[in-house]
$ cat run07.txt   # compact mmCIF, C-alpha atoms
# COMPACT_ATOMS: atom_id res chain seq x y z
CA MET A 1 55.01 -17.99 52.97
CA ALA A 2 51.34 -17.71 53.90
CA GLU A 3 51.09 -14.66 51.72
CA ARG A 4 52.58 -16.53 48.77
CA SER A 5 50.12 -19.36 49.34
CA ARG A 6 47.19 -16.86 49.41
CA TYR A 7 48.51 -15.34 46.16
CA ARG A 8 48.67 -18.79 44.52
CA GLY A 9 45.10 -19.52 45.62
CA TRP A 10 43.88 -16.23 44.19
CA THR A 11 45.70 -16.83 40.88
CA ALA A 12 44.22 -20.30 40.63
CA ARG A 13 40.71 -18.93 41.18
CA VAL A 14 41.25 -16.28 38.48
CA TRP A 15 42.48 -18.93 36.06
CA ALA A 16 39.56 -21.20 36.88
CA ALA A 17 37.14 -18.33 36.29
CA CYS A 18 38.82 -17.56 32.96
CA ILE A 19 38.65 -21.19 31.88
CA VAL A 20 34.96 -21.50 32.84
CA SER A 21 34.02 -18.26 31.08
CA GLY A 22 36.13 -19.29 28.10
CA VAL A 23 34.32 -22.61 27.85
CA LEU A 24 30.96 -20.87 28.17
CA ALA A 25 31.92 -18.37 25.49
CA GLY A 26 32.90 -21.28 23.27
CA CYS A 27 29.51 -22.91 23.80
CA GLN A 28 27.74 -19.61 23.03
CA THR A 29 28.18 -20.07 19.29
CA ILE A 30 24.69 -18.87 18.37
CA PRO A 31 24.01 -15.16 18.87
CA ASP A 32 20.67 -13.77 20.07
CA ILE A 33 18.54 -13.26 16.98
CA SER A 34 15.33 -12.20 18.71
CA SER A 35 15.41 -8.76 17.06
CA TRP A 36 15.49 -10.46 13.65
CA ASN A 37 12.52 -12.52 14.78
CA GLN A 38 10.62 -9.33 15.74
CA SER A 39 11.46 -7.78 12.36
CA THR A 40 10.03 -10.87 10.65
CA LYS A 41 6.74 -10.25 12.48
CA ASP A 42 6.78 -6.63 11.29
CA VAL A 43 7.39 -7.71 7.69
CA THR A 44 4.49 -10.15 8.04
CA SER A 45 2.23 -7.39 9.25
CA ALA A 46 3.38 -5.01 6.47
CA VAL A 47 2.67 -7.48 3.68
CA THR A 48 -0.69 -8.76 4.92
CA THR A 49 -1.95 -5.29 5.90
CA GLY A 50 -0.73 -4.02 2.52
CA PHE A 51 -2.94 -6.54 0.69
CA HIS A 52 -5.93 -6.05 3.02
CA THR A 53 -5.81 -2.25 2.77
CA ALA A 54 -5.51 -2.33 -1.01
CA ALA A 55 -8.49 -4.72 -1.13
CA ASP A 56 -10.46 -2.32 1.09
CA VAL A 57 -9.68 0.66 -1.16
CA HIS A 58 -11.13 -1.23 -4.16
CA GLY A 59 -14.04 -2.67 -2.19
CA ASP A 60 -14.96 0.82 -1.03
CA ILE A 61 -15.06 2.25 -4.58
CA GLY A 62 -17.08 -0.77 -5.77
CA ARG A 63 -19.65 -0.37 -2.96
CA ARG A 64 -20.04 3.36 -3.59
CA LEU A 65 -20.59 2.87 -7.32
CA ASP A 66 -23.14 0.16 -6.58
CA SER A 67 -24.97 2.02 -3.80
CA GLU A 68 -28.53 3.37 -4.02
CA LEU A 69 -27.16 6.91 -3.80
CA MET A 70 -25.48 6.43 -7.15
CA THR A 71 -28.10 7.07 -9.77
CA LYS A 72 -25.97 6.13 -12.77
CA PRO A 73 -26.61 2.59 -14.01
CA GLU A 74 -23.65 3.12 -16.38
CA PHE A 75 -21.32 2.77 -13.39
CA LYS A 76 -22.48 -0.76 -12.50
CA ASP A 77 -19.87 -2.41 -14.71
CA ALA A 78 -17.04 -0.45 -13.05
CA ALA A 79 -18.54 -1.36 -9.64
CA THR A 80 -18.36 -5.06 -10.52
CA ARG A 81 -14.78 -4.74 -11.74
CA TYR A 82 -13.62 -2.93 -8.58
CA ALA A 83 -15.38 -5.53 -6.40
CA SER A 84 -13.68 -8.33 -8.35
CA VAL A 85 -10.23 -6.74 -7.82
CA ALA A 86 -11.03 -6.41 -4.09
CA ARG A 87 -11.91 -10.12 -3.88
CA GLU A 88 -8.73 -11.16 -5.67
CA LEU A 89 -6.53 -9.03 -3.41
CA GLN A 90 -8.34 -10.35 -0.34
CA ARG A 91 -7.65 -13.90 -1.54
CA ARG A 92 -3.96 -13.07 -1.95
CA ALA A 93 -3.94 -11.53 1.56
CA THR A 94 -5.25 -14.83 2.94
CA ASP A 95 -2.54 -16.76 1.08
CA TYR A 96 0.14 -14.52 2.49
CA GLU A 97 -1.31 -14.80 5.98
CA LYS A 98 -0.88 -18.59 5.78
CA LEU A 99 2.58 -18.30 4.30
CA PHE A 100 3.71 -15.72 6.83
CA GLY A 101 2.27 -17.78 9.66
CA ALA A 102 4.80 -20.44 8.68
CA ILE A 103 7.60 -17.90 8.09
CA THR A 104 6.98 -16.52 11.59
CA ASP A 105 7.10 -20.08 12.99
CA TYR A 106 10.42 -20.60 11.22
CA SER A 107 11.76 -17.30 12.53
CA THR A 108 10.50 -18.02 16.07
CA SER A 109 12.11 -21.48 15.94
CA LEU A 110 15.43 -19.93 14.95
CA ALA A 111 15.19 -17.45 17.84
CA ALA A 112 14.28 -20.24 20.29
CA ILE A 113 17.17 -22.39 19.06
CA ALA A 114 19.49 -19.38 19.35
CA ARG A 115 18.31 -18.81 22.93
CA ALA A 116 19.00 -22.45 23.78
CA SER A 117 22.47 -21.96 22.27
CA GLU A 118 22.76 -25.66 21.55
CA ASN A 119 24.65 -26.34 18.39
CA SER A 120 23.85 -29.95 17.65
CA GLN A 121 22.21 -32.19 15.08
CA LYS A 122 18.99 -31.73 17.09
CA THR A 123 19.25 -28.00 16.40
CA VAL A 124 19.83 -28.57 12.70
CA ASP A 125 16.83 -30.92 12.60
CA ALA A 126 14.73 -28.23 14.28
CA VAL A 127 15.69 -25.73 11.57
CA ALA A 128 14.83 -28.31 8.90
CA GLY A 129 11.53 -29.06 10.66
CA SER A 130 10.40 -25.43 10.72
CA LEU A 131 11.45 -25.03 7.10
CA ASN A 132 9.45 -28.11 6.23
CA GLN A 133 6.38 -26.47 7.76
CA LEU A 134 7.06 -23.47 5.55
CA VAL A 135 7.06 -25.71 2.47
CA GLY A 136 3.77 -27.19 3.67
CA ALA A 137 2.32 -23.72 4.07
CA VAL A 138 3.17 -22.81 0.48
CA GLY A 139 1.31 -25.96 -0.56
CA GLY A 140 -1.74 -24.88 1.42
CA THR A 141 -2.18 -21.62 -0.49
CA SER A 142 -3.30 -20.83 -4.00
CA LEU A 143 0.29 -19.74 -4.58
CA THR A 144 0.77 -23.29 -5.75
CA GLY A 145 -0.03 -23.38 -9.40
CA ALA A 146 0.17 -26.14 -11.97
CA GLY A 147 3.96 -25.98 -12.27
CA PHE A 148 4.63 -25.78 -8.55
CA GLU A 149 8.35 -25.38 -9.14
CA LEU A 150 8.78 -23.38 -5.97
CA GLY A 151 7.43 -26.22 -3.82
CA LYS A 152 9.80 -28.73 -5.45
CA SER A 153 12.83 -26.55 -5.04
CA LEU A 154 11.89 -25.74 -1.44
CA THR A 155 11.72 -29.44 -0.63
CA ASN A 156 15.21 -29.91 -2.07
CA GLU A 157 16.49 -27.15 0.20
CA VAL A 158 15.01 -28.86 3.26
CA ILE A 159 16.95 -32.00 2.35
CA LYS A 160 20.13 -29.93 2.17
CA VAL A 161 19.40 -28.36 5.58
CA LYS A 162 19.05 -31.81 7.12
CA ALA A 163 22.52 -32.68 5.81
CA ALA A 164 24.06 -29.58 7.37
CA HIS A 165 26.47 -29.94 10.28
CA ASP A 166 25.67 -26.94 12.42
CA PHE A 167 23.12 -24.18 12.99
CA GLY A 168 24.99 -21.59 10.90
CA GLU A 169 25.28 -23.96 7.96
CA ALA A 170 21.64 -25.00 8.30
CA VAL A 171 20.53 -21.37 8.18
CA GLN A 172 22.73 -20.75 5.15
CA LYS A 173 21.23 -23.77 3.41
CA ALA A 174 17.75 -22.45 4.20
CA ASP A 175 18.58 -19.13 2.57
CA PRO A 176 17.47 -20.03 -1.00
CA VAL A 177 13.98 -20.78 0.38
CA ILE A 178 13.75 -17.33 1.91
CA GLY A 179 15.26 -15.90 -1.29
CA GLN A 180 12.61 -17.49 -3.52
CA ILE A 181 9.74 -16.47 -1.30
CA SER A 182 11.16 -12.92 -1.17
CA THR A 183 11.44 -12.75 -4.97
CA LEU A 184 7.78 -13.72 -5.28
CA LEU A 185 6.77 -11.20 -2.63
CA ILE A 186 8.80 -8.31 -4.07
CA ALA A 187 7.24 -8.79 -7.51
CA ASP A 188 3.73 -9.06 -6.03
CA LEU A 189 4.21 -5.97 -3.89
CA ALA A 190 5.40 -3.99 -6.93
CA ASP A 191 2.17 -4.92 -8.71
CA LEU A 192 0.14 -4.28 -5.58
CA GLN A 193 1.55 -0.76 -5.54
CA ARG A 194 0.21 -0.23 -9.08
CA THR A 195 -3.29 -1.11 -7.88
CA VAL A 196 -3.24 1.66 -5.26
CA ALA A 197 -1.31 4.24 -7.29
CA GLU A 198 -2.41 7.81 -7.96
CA SER A 199 -4.66 6.76 -10.86
CA LYS A 200 -7.13 5.65 -8.19
CA ASP A 201 -7.67 9.20 -6.88
CA GLU A 202 -9.92 10.50 -9.66
CA GLY A 203 -12.01 7.32 -9.47
CA ILE A 204 -12.43 7.79 -5.70
CA ARG A 205 -13.45 11.41 -6.35
CA VAL A 206 -16.13 10.40 -8.86
CA ALA A 207 -17.43 7.66 -6.54
CA ILE A 208 -17.83 10.09 -3.65
CA GLU A 209 -18.85 13.26 -5.48
CA ASP A 210 -21.14 11.93 -8.18
CA PRO A 211 -24.15 11.21 -5.91
CA ARG A 212 -23.95 14.95 -4.99
CA LYS A 213 -23.43 16.15 -8.58
CA THR A 214 -26.46 18.50 -8.69
CA GLU A 215 -25.68 19.98 -5.28
CA LEU A 216 -22.01 20.42 -6.24
CA GLU A 217 -23.02 22.26 -9.44
CA TYR A 218 -25.32 24.51 -7.38
CA ARG A 219 -22.50 25.18 -4.92
CA ALA A 220 -20.00 25.89 -7.73
CA ALA A 221 -22.47 28.42 -9.17
CA LEU A 222 -22.76 30.09 -5.76
CA VAL A 223 -18.96 30.28 -5.47
CA ARG A 224 -18.73 31.85 -8.94
CA ARG A 225 -21.43 34.38 -8.08
CA ARG A 226 -19.79 35.24 -4.78
CA THR A 227 -16.40 35.82 -6.44
CA HIS A 228 -18.07 38.11 -8.97
CA LEU A 229 -19.89 40.09 -6.25
CA GLN A 230 -16.81 40.28 -4.03
CA LEU A 231 -14.89 41.93 -6.87
CA ALA A 232 -17.72 44.37 -7.47
CA VAL A 233 -18.12 45.26 -3.79
CA ALA A 234 -14.35 45.54 -3.30
CA GLY A 235 -14.23 47.91 -6.27
CA ALA A 236 -17.03 50.03 -4.82
CA VAL A 237 -15.26 50.53 -1.49
CA ALA A 238 -11.77 51.03 -2.96
CA PRO A 239 -10.17 54.46 -2.21
CA GLU A 240 -9.17 54.84 -5.86
CA PRO A 241 -11.95 55.06 -8.46
CA PRO A 242 -12.49 51.56 -9.86
CA PRO A 243 -11.73 50.90 -13.51
CA ALA A 244 -14.57 51.55 -15.89
CA GLN A 245 -15.30 47.84 -16.45
CA THR A 246 -15.88 47.15 -12.73
CA THR A 247 -17.99 50.28 -12.33
CA SER A 248 -20.36 49.00 -14.94
CA LEU A 249 -20.83 45.77 -12.97
CA LEU A 250 -21.61 47.51 -9.70
CA LYS A 251 -25.18 47.70 -8.58
CA ALA A 252 -26.67 49.24 -5.47
CA ASP A 253 -27.82 45.84 -4.12
CA ASP A 254 -24.49 43.97 -4.57
CA ALA A 255 -23.56 44.04 -0.88
CA PRO A 256 -26.87 42.60 0.42
CA GLU A 257 -26.81 39.99 -2.34
CA LEU A 258 -23.27 39.04 -1.35
CA ALA A 259 -24.47 38.47 2.23
CA LYS A 260 -27.32 36.33 0.91
CA ILE A 261 -24.98 34.24 -1.27
CA ASP A 262 -22.62 33.82 1.68
CA GLN A 263 -25.52 32.47 3.72
CA TYR A 264 -26.55 30.04 0.94
CA LEU A 265 -22.95 28.81 0.81
CA ARG A 266 -22.87 28.31 4.57
CA ASP A 267 -26.10 26.29 4.22
CA THR A 268 -24.35 23.93 1.79
CA ASP A 269 -21.70 23.25 4.44
CA THR A 270 -24.09 20.81 6.17
CA TRP A 271 -23.49 18.27 3.38
CA PHE A 272 -20.37 19.69 1.71
CA ILE A 273 -18.01 19.54 4.72
CA PRO A 274 -18.82 15.90 5.66
CA MET A 275 -18.56 14.87 2.00
CA ASN A 276 -15.24 16.66 1.64
CA ASP A 277 -13.92 15.08 4.85
CA GLU A 278 -14.96 11.67 3.52
CA LEU A 279 -13.19 12.36 0.23
CA ASN A 280 -10.00 13.55 1.92
CA ARG A 281 -10.00 10.52 4.22
CA ALA A 282 -10.44 8.10 1.28
CA LEU A 283 -7.64 9.84 -0.68
CA MET A 284 -5.38 9.72 2.36
CA VAL A 285 -6.01 6.01 2.96
CA ARG A 286 -5.21 5.35 -0.71
CA ALA A 287 -1.94 7.31 -0.43
CA LYS A 288 -0.97 5.57 2.83
CA SER A 289 -1.82 2.23 1.29
CA GLU A 290 0.55 2.95 -1.59
CA GLU A 291 3.30 4.01 0.79
CA LEU A 292 2.77 0.85 2.82
CA THR A 293 3.30 -1.32 -0.25
CA VAL A 294 6.53 0.57 -1.04
CA GLN A 295 7.84 0.23 2.52
CA ALA A 296 6.72 -3.41 2.70
CA ARG A 297 8.70 -4.16 -0.46
CA ARG A 298 11.79 -2.49 0.98
CA ALA A 299 11.27 -4.36 4.25
CA VAL A 300 11.08 -7.70 2.41
CA GLU A 301 14.34 -6.86 0.58
CA ALA A 302 16.02 -5.97 3.88
CA TRP A 303 14.56 -9.08 5.53
CA ARG A 304 15.91 -11.30 2.72
CA ASP A 305 19.36 -9.64 2.99
CA SER A 306 19.28 -9.95 6.76
CA HIS A 307 18.53 -13.67 6.53
CA ALA A 308 21.36 -14.06 4.04
CA SER A 309 23.72 -12.55 6.62
CA LEU A 310 22.30 -14.70 9.41
CA GLY A 311 24.29 -17.85 8.64
CA ALA A 312 27.57 -15.93 8.39
CA ALA A 313 26.73 -14.01 11.57
CA VAL A 314 26.20 -17.25 13.45
CA LYS A 315 29.51 -18.63 12.19
CA GLU A 316 31.37 -15.42 13.05
CA ARG A 317 29.56 -15.10 16.42
CA ARG A 318 28.18 -11.65 15.71
CA MET A 319 24.71 -10.17 15.37
CA PRO A 320 23.06 -10.46 11.93
CA GLU A 321 22.82 -7.27 9.87
CA SER A 322 19.37 -5.95 10.69
CA GLY A 323 19.78 -2.17 11.15
CA ARG A 324 18.00 -1.26 7.89
CA LEU A 325 15.34 -3.87 8.54
CA ALA A 326 14.69 -2.49 12.03
CA ALA A 327 14.43 1.09 10.70
CA LEU A 328 11.97 0.02 8.00
CA ALA A 329 9.98 -1.97 10.56
CA VAL A 330 9.45 1.20 12.61
CA ARG A 331 8.14 3.09 9.55
CA VAL A 332 5.87 0.18 8.65
CA ARG A 333 4.44 0.02 12.20
CA ASP A 334 3.70 3.78 12.10
CA LEU A 335 2.00 3.50 8.71
CA ILE A 336 -0.17 0.60 9.82
CA ALA A 337 -1.19 2.55 12.95
CA GLU A 338 -2.09 5.59 10.79
CA ILE A 339 -4.20 3.47 8.42
CA LYS A 340 -5.99 1.73 11.31
CA LYS A 341 -6.78 5.11 12.86
CA GLU A 342 -8.75 6.01 9.72
CA ASP A 343 -10.83 2.79 9.80
CA MET B 1 -32.21 24.51 -23.65
CA ALA B 2 -28.84 24.33 -25.32
CA SER B 3 -28.62 24.42 -29.05
CA ASN B 4 -27.31 21.43 -30.97
CA PRO B 5 -24.09 23.14 -32.14
CA GLU B 6 -23.30 24.05 -28.53
CA ILE B 7 -23.67 20.47 -27.32
CA GLN B 8 -21.78 19.29 -30.40
CA GLN B 9 -18.82 21.47 -29.42
CA TRP B 10 -18.66 19.86 -25.99
CA ALA B 11 -19.06 16.40 -27.52
CA ASP B 12 -16.17 17.10 -29.91
CA GLU B 13 -14.06 18.31 -27.01
CA LEU B 14 -14.78 15.09 -25.09
CA ASP B 15 -14.09 12.99 -28.16
CA LYS B 16 -10.61 14.51 -28.43
CA LEU B 17 -9.97 13.76 -24.76
CA LEU B 18 -11.17 10.17 -25.12
CA GLN B 19 -8.83 9.60 -28.05
CA LYS B 20 -5.92 10.97 -26.01
CA ALA B 21 -7.02 8.77 -23.09
CA ALA B 22 -6.93 5.69 -25.33
CA THR B 23 -3.35 6.55 -26.36
CA ALA B 24 -2.28 7.09 -22.74
CA ARG B 25 -3.87 3.77 -21.78
CA ALA B 26 -2.07 1.93 -24.58
CA ALA B 27 1.24 3.53 -23.57
CA GLU B 28 0.75 2.23 -19.99
CA ASP B 29 2.40 5.41 -18.77
CA PRO B 30 1.17 6.10 -15.20
CA GLU B 31 1.91 9.85 -15.35
CA ARG B 32 0.06 10.30 -18.64
CA ILE B 33 -2.85 8.28 -17.30
CA VAL B 34 -3.16 10.48 -14.19
CA GLY B 35 -2.77 13.59 -16.37
CA MET B 36 -5.59 12.43 -18.65
CA GLN B 37 -7.84 11.69 -15.69
CA ARG B 38 -7.33 15.24 -14.45
CA GLN B 39 -8.19 16.66 -17.88
CA LEU B 40 -11.37 14.58 -17.88
CA ARG B 41 -12.31 15.93 -14.45
CA LYS B 42 -11.65 19.48 -15.69
CA PHE B 43 -13.96 18.76 -18.61
CA LYS B 44 -16.71 17.69 -16.17
CA GLU B 45 -16.23 20.82 -14.08
CA GLU B 46 -16.31 23.18 -17.05
CA SER B 47 -19.02 21.55 -19.11
CA PRO B 48 -22.53 23.00 -18.73
CA ASP B 49 -25.15 21.29 -16.53
CA TYR B 50 -27.10 20.07 -19.55
CA ALA B 51 -24.10 18.04 -20.74
CA ASP B 52 -24.70 15.37 -18.08
CA ALA B 53 -24.49 12.47 -20.54
CA LEU B 54 -21.05 13.69 -21.64
CA ASP B 55 -19.95 13.98 -17.99
CA THR B 56 -20.98 10.35 -17.46
CA GLN B 57 -18.81 9.32 -20.42
CA ALA B 58 -15.90 11.29 -18.94
CA SER B 59 -16.39 9.53 -15.58
CA LEU B 60 -16.45 6.13 -17.27
CA ALA B 61 -13.18 6.99 -19.02
CA ILE B 62 -11.65 7.94 -15.63
CA PHE B 63 -12.62 4.52 -14.21
CA ASP B 64 -11.45 2.71 -17.31
CA LEU B 65 -8.01 4.33 -17.19
CA ASP B 66 -7.62 3.31 -13.55
CA LEU B 67 -8.98 -0.19 -14.01
CA SER B 68 -6.70 -0.83 -17.00
CA VAL B 69 -3.68 -0.34 -14.70
CA THR B 70 -5.26 -2.18 -11.77
CA GLU B 71 -6.53 -5.22 -13.65
CA ASP B 72 -3.20 -5.63 -15.45
CA ALA B 73 -1.41 -5.64 -12.07
CA VAL B 74 -3.88 -8.14 -10.58
CA THR B 75 -3.52 -10.42 -13.62
CA LYS B 76 0.25 -10.45 -13.11
CA ILE B 77 -0.18 -11.30 -9.41
CA LYS B 78 -2.54 -14.16 -10.36
CA GLU B 79 -0.20 -15.42 -13.09
CA ARG B 80 2.72 -15.39 -10.67
CA ALA B 81 0.74 -17.45 -8.18
CA ALA B 82 0.01 -19.96 -10.92
CA GLU B 83 3.64 -20.11 -12.02
CA VAL B 84 5.30 -20.87 -8.68
$ encode --input "run07.txt" --output "structure tokens"
Amino acid sequence: MAERSRYRGWTARVWAACIVSGVLAGCQTIPDISSWNQSTKDVTSAVTTGFHTAADVHGDIGRRLDSELMTKPEFKDAATRYASVARELQRRATDYEKLFGAITDYSTSLAAIARASENSQKTVDAVAGSLNQLVGAVGGTSLTGAGFELGKSLTNEVIKVKAAHDFGEAVQKADPVIGQISTLLIADLADLQRTVAESKDEGIRVAIEDPRKTELEYRAALVRRRTHLQLAVAGAVAPEPPPAQTTSLLKADDAPELAKIDQYLRDTDTWFIPMNDELNRALMVRAKSEELTVQARRAVEAWRDSHASLGAAVKERRMPESGRLAALAVRVRDLIAEIKKED
Amino acid sequence: MASNPEIQQWADELDKLLQKAATARAAEDPERIVGMQRQLRKFKEESPDYADALDTQASLAIFDLDLSVTEDAVTKIKERAAEV
């Protein structure tokens, strides 16, 4: 009898625990979206660093062409044009910093709301509020032109979000805003990539090498002479008799002259090696900058797709699709670290 | 000092390259543009020291090819900002 009573008590406790956990699970309708929030910060960093780095690449060429070391007044016009491109890209970087500040606020708000797990009108209003800030941020940049269609359509979306009934629906209603901003960004990043494409390399080379043109010509002549002497000396010491043509080139003082030329070449290393390192560094930064714009564009696409899945994920109580976005974020972080190392 | 015909030969060579560069620029083909820039650099490397004025023209063409791509891209970015 006592045993049966103990059994009943145990069963009741198990049921009570099940009911409580069931109720809690029911309340937990909003999944943790903090990883999506982190990815948003990585996308932010990719886009703004992409614009800043591209601006730096152009600014650097402009400064070199305008420097006192450059003796060619003919290059002044190109210097002005590169500097103007740098300024324009810097301006766009500032716009995107403002815009992404608001996007990050929106994303952080979503994560905070998700952590609170409260699915109420207050939650929906919070989503609408952060989206409203985003609309305000677009207005505060020079991304707002005469037409300002984006701003108008964004405002309409905020109204729709306010009318939503739950968090998932509110996020889904916010999706066109993210979609429009992403479309703008993807197109801009494709053009940004063109500004730091391979066609920049020869310009960088001229900007770095031209102030050393005379020295480079002297060094090239030394290299030619050394190659010529090396062939002659190699022919002289070969076990087989050298062909007639080489024999005619051979002189008794070729070997000492070769040593002398080698020494002259080593002397040029004092300026040639640093200049070459500088050139290779500038070419590498240009290449990394291009790769960053490509990865940033892919990250924005993945970020847009991930946001599109966010509303459905909330409704279906699962994590949003962010695997591709997370993988791209890692590559973007590495690239940014590599570029900063070269600064 | 180089003779006039010698310089003229190099000038003709550069002229051909500049015409090809203009075609590549008009075609807006990135690969052709980079290819032309490399040919212009080769010209600078192979031309004699006294052809400095020609080398300067080749360098200007290298910049111009790059800036044509760059400025077109920046214009599109600016236009897009004005459109939205």
$ residues_around --input "run07.txt" --residues "region 59-66 of chain B" --least-positions-apart "3" --cutoff "8 Å" --atoms "only C-alpha atoms" --output "list in words"
Glu74, Phe75, Ala78, Ser199, Lys200, Glu202, Gly203 and Val206 of chain A; Leu18, Ala21, Arg25, Ile33, Gln37, Leu40, Arg41, Asp55, Thr56, Val69 and Thr70 of chain B
$ write_last_selection --input "run07.txt" --atoms "C-alpha atoms" --output "CSV table (one decimal), keeping the file's coordinate frame"
chain,number,residue,atom,x,y,z
A,74,GLU,CA,-23.6,3.1,-16.4
A,75,PHE,CA,-21.3,2.8,-13.4
A,78,ALA,CA,-17.0,-0.4,-13.0
A,199,SER,CA,-4.7,6.8,-10.9
A,200,LYS,CA,-7.1,5.6,-8.2
A,202,GLU,CA,-9.9,10.5,-9.7
A,203,GLY,CA,-12.0,7.3,-9.5
A,206,VAL,CA,-16.1,10.4,-8.9
B,18,LEU,CA,-11.2,10.2,-25.1
B,21,ALA,CA,-7.0,8.8,-23.1
B,25,ARG,CA,-3.9,3.8,-21.8
B,33,ILE,CA,-2.8,8.3,-17.3
B,37,GLN,CA,-7.8,11.7,-15.7
B,40,LEU,CA,-11.4,14.6,-17.9
B,41,ARG,CA,-12.3,15.9,-14.4
B,55,ASP,CA,-20.0,14.0,-18.0
B,56,THR,CA,-21.0,10.4,-17.5
B,69,VAL,CA,-3.7,-0.3,-14.7
B,70,THR,CA,-5.3,-2.2,-11.8
$ atom_distance --input "run07.txt" --atom1 "CA of Gly311 (chain A)" --atom2 "CA of Ala93 (chain A)"
29.8 Å
$ closest_atom_pairs --input "run07.txt" --of "chain B" --to "chain A" --cutoff "6 Å" --atoms "all atoms listed in the file" --output "tab-separated table"
residue	atom	partner	partner_atom	distance
B:Val34	CA	A:Ser199	CA	5.2
B:Phe63	CA	A:Gly203	CA	5.5
B:Asp66	CA	A:Ser199	CA	5.3
B:Thr70	CA	A:Thr195	CA	4.5
B:Ala73	CA	A:Asp191	CA	5.0
B:Ile77	CA	A:Asp188	CA	5.6
B:Ala81	CA	A:Leu143	CA	4.3
B:Ala82	CA	A:Gly145	CA	3.7
B:Glu83	CA	A:Gly145	CA	5.6
B:Val84	CA	A:Phe148	CA	5.0
$ write_last_selection --input "run07.txt" --atoms "C-alpha atoms" --output "PDB file, in the coordinates of the input"
ATOM      1  CA  VAL B  34      -3.160  10.480 -14.190  1.00  0.00           C
ATOM      2  CA  PHE B  63     -12.620   4.520 -14.210  1.00  0.00           C
ATOM      3  CA  ASP B  66      -7.620   3.310 -13.550  1.00  0.00           C
ATOM      4  CA  THR B  70      -5.260  -2.180 -11.770  1.00  0.00           C
ATOM      5  CA  ALA B  73      -1.410  -5.640 -12.070  1.00  0.00           C
ATOM      6  CA  ILE B  77      -0.180 -11.300  -9.410  1.00  0.00           C
ATOM      7  CA  ALA B  81       0.740 -17.450  -8.180  1.00  0.00           C
ATOM      8  CA  ALA B  82       0.010 -19.960 -10.920  1.00  0.00           C
ATOM      9  CA  GLU B  83       3.640 -20.110 -12.020  1.00  0.00           C
ATOM     10  CA  VAL B  84       5.300 -20.870  -8.680  1.00  0.00           C
TER      11      VAL B  84
END
$ atom_distance --input "run07.txt" --atom1 "CA of Ser322 (chain A)" --atom2 "CA of Ala126 (chain A)"
23.0 Å
$ atom_distance --input "run07.txt" --atom1 "CA of Lys42 (chain B)" --atom2 "CA of Pro211 (chain A)"
17.9 Å
$ residues_near_point --input "run07.txt" --point "(8.2, -7.7, 19.7)" --cutoff "12 Å" --atoms "all atoms listed in the file" --output "PyMOL selection string"
chain A and resi 34-42+108+326+329-330+333
$ residues_around --input "run07.txt" --residues "Asp15 (chain B)" --least-positions-apart "4" --cutoff "12 Å" --atoms "all atoms listed in the file" --output "number ranges by chain"
B: 8-11, 19-22, 40, 43, 54-55, 57-58, 61
$ closest_residue --input "run07.txt" --among "A:Asp66, A:Glu169, A:Asp125, A:Glu97" --to "Phe51 (chain A)" --atoms "only C-alpha atoms"
A:Glu97
$ residues_near_point --input "run07.txt" --point "(7.7, -22.0, 11.3)" --cutoff "8 Å" --atoms "all atoms listed in the file" --output "list in words"
Gly101, Ala102, Ile103, Thr104, Asp105, Tyr106, Ser107, Thr108, Ser109, Ser130, Leu131, Gln133 and Leu134 of chain A
$ closest_residue --input "run07.txt" --among "B:Arg38, B:Ala27, B:Val74, B:Asp52" --to "Ala55 (chain A)" --atoms "all atoms listed in the file"
B:Val74
$ closest_residue --input "run07.txt" --among "A:Leu222, A:Ala46, A:Val124, A:Val332" --to "Tyr96 (chain A)" --atoms "all atoms listed in the file"
A:Ala46
$ build_atoms --input "run07.txt" --residues "region 20-27 of chain B" --atoms "N, CA and C atoms" --output "short mmCIF file (atom, residue, chain, number, x, y, z; two decimals), keeping the file's coordinate frame"
data_model
loop_
_atom_site.label_atom_id
_atom_site.label_comp_id
_atom_site.auth_asym_id
_atom_site.auth_seq_id
_atom_site.Cartn_x
_atom_site.Cartn_y
_atom_site.Cartn_z
N LYS B 20 -7.21 10.82 -26.72
CA LYS B 20 -5.92 10.97 -26.01
C LYS B 20 -5.84 9.96 -24.86
N ALA B 21 -6.98 9.73 -24.22
CA ALA B 21 -7.02 8.77 -23.09
C ALA B 21 -6.68 7.36 -23.59
N ALA B 22 -7.20 7.02 -24.76
CA ALA B 22 -6.93 5.69 -25.33
C ALA B 22 -5.43 5.53 -25.61
N THR B 23 -4.80 6.60 -26.09
CA THR B 23 -3.35 6.55 -26.36
C THR B 23 -2.57 6.40 -25.05
N ALA B 24 -2.98 7.16 -24.04
CA ALA B 24 -2.28 7.09 -22.74
C ALA B 24 -2.43 5.69 -22.15
N ARG B 25 -3.61 5.12 -22.30
CA ARG B 25 -3.87 3.77 -21.78
C ARG B 25 -2.99 2.74 -22.48
N ALA B 26 -2.89 2.87 -23.82
CA ALA B 26 -2.07 1.93 -24.58
C ALA B 26 -0.60 2.07 -24.23
N ALA B 27 -0.17 3.30 -23.90
CA ALA B 27 1.24 3.53 -23.57
C ALA B 27 1.58 3.01 -22.17
#
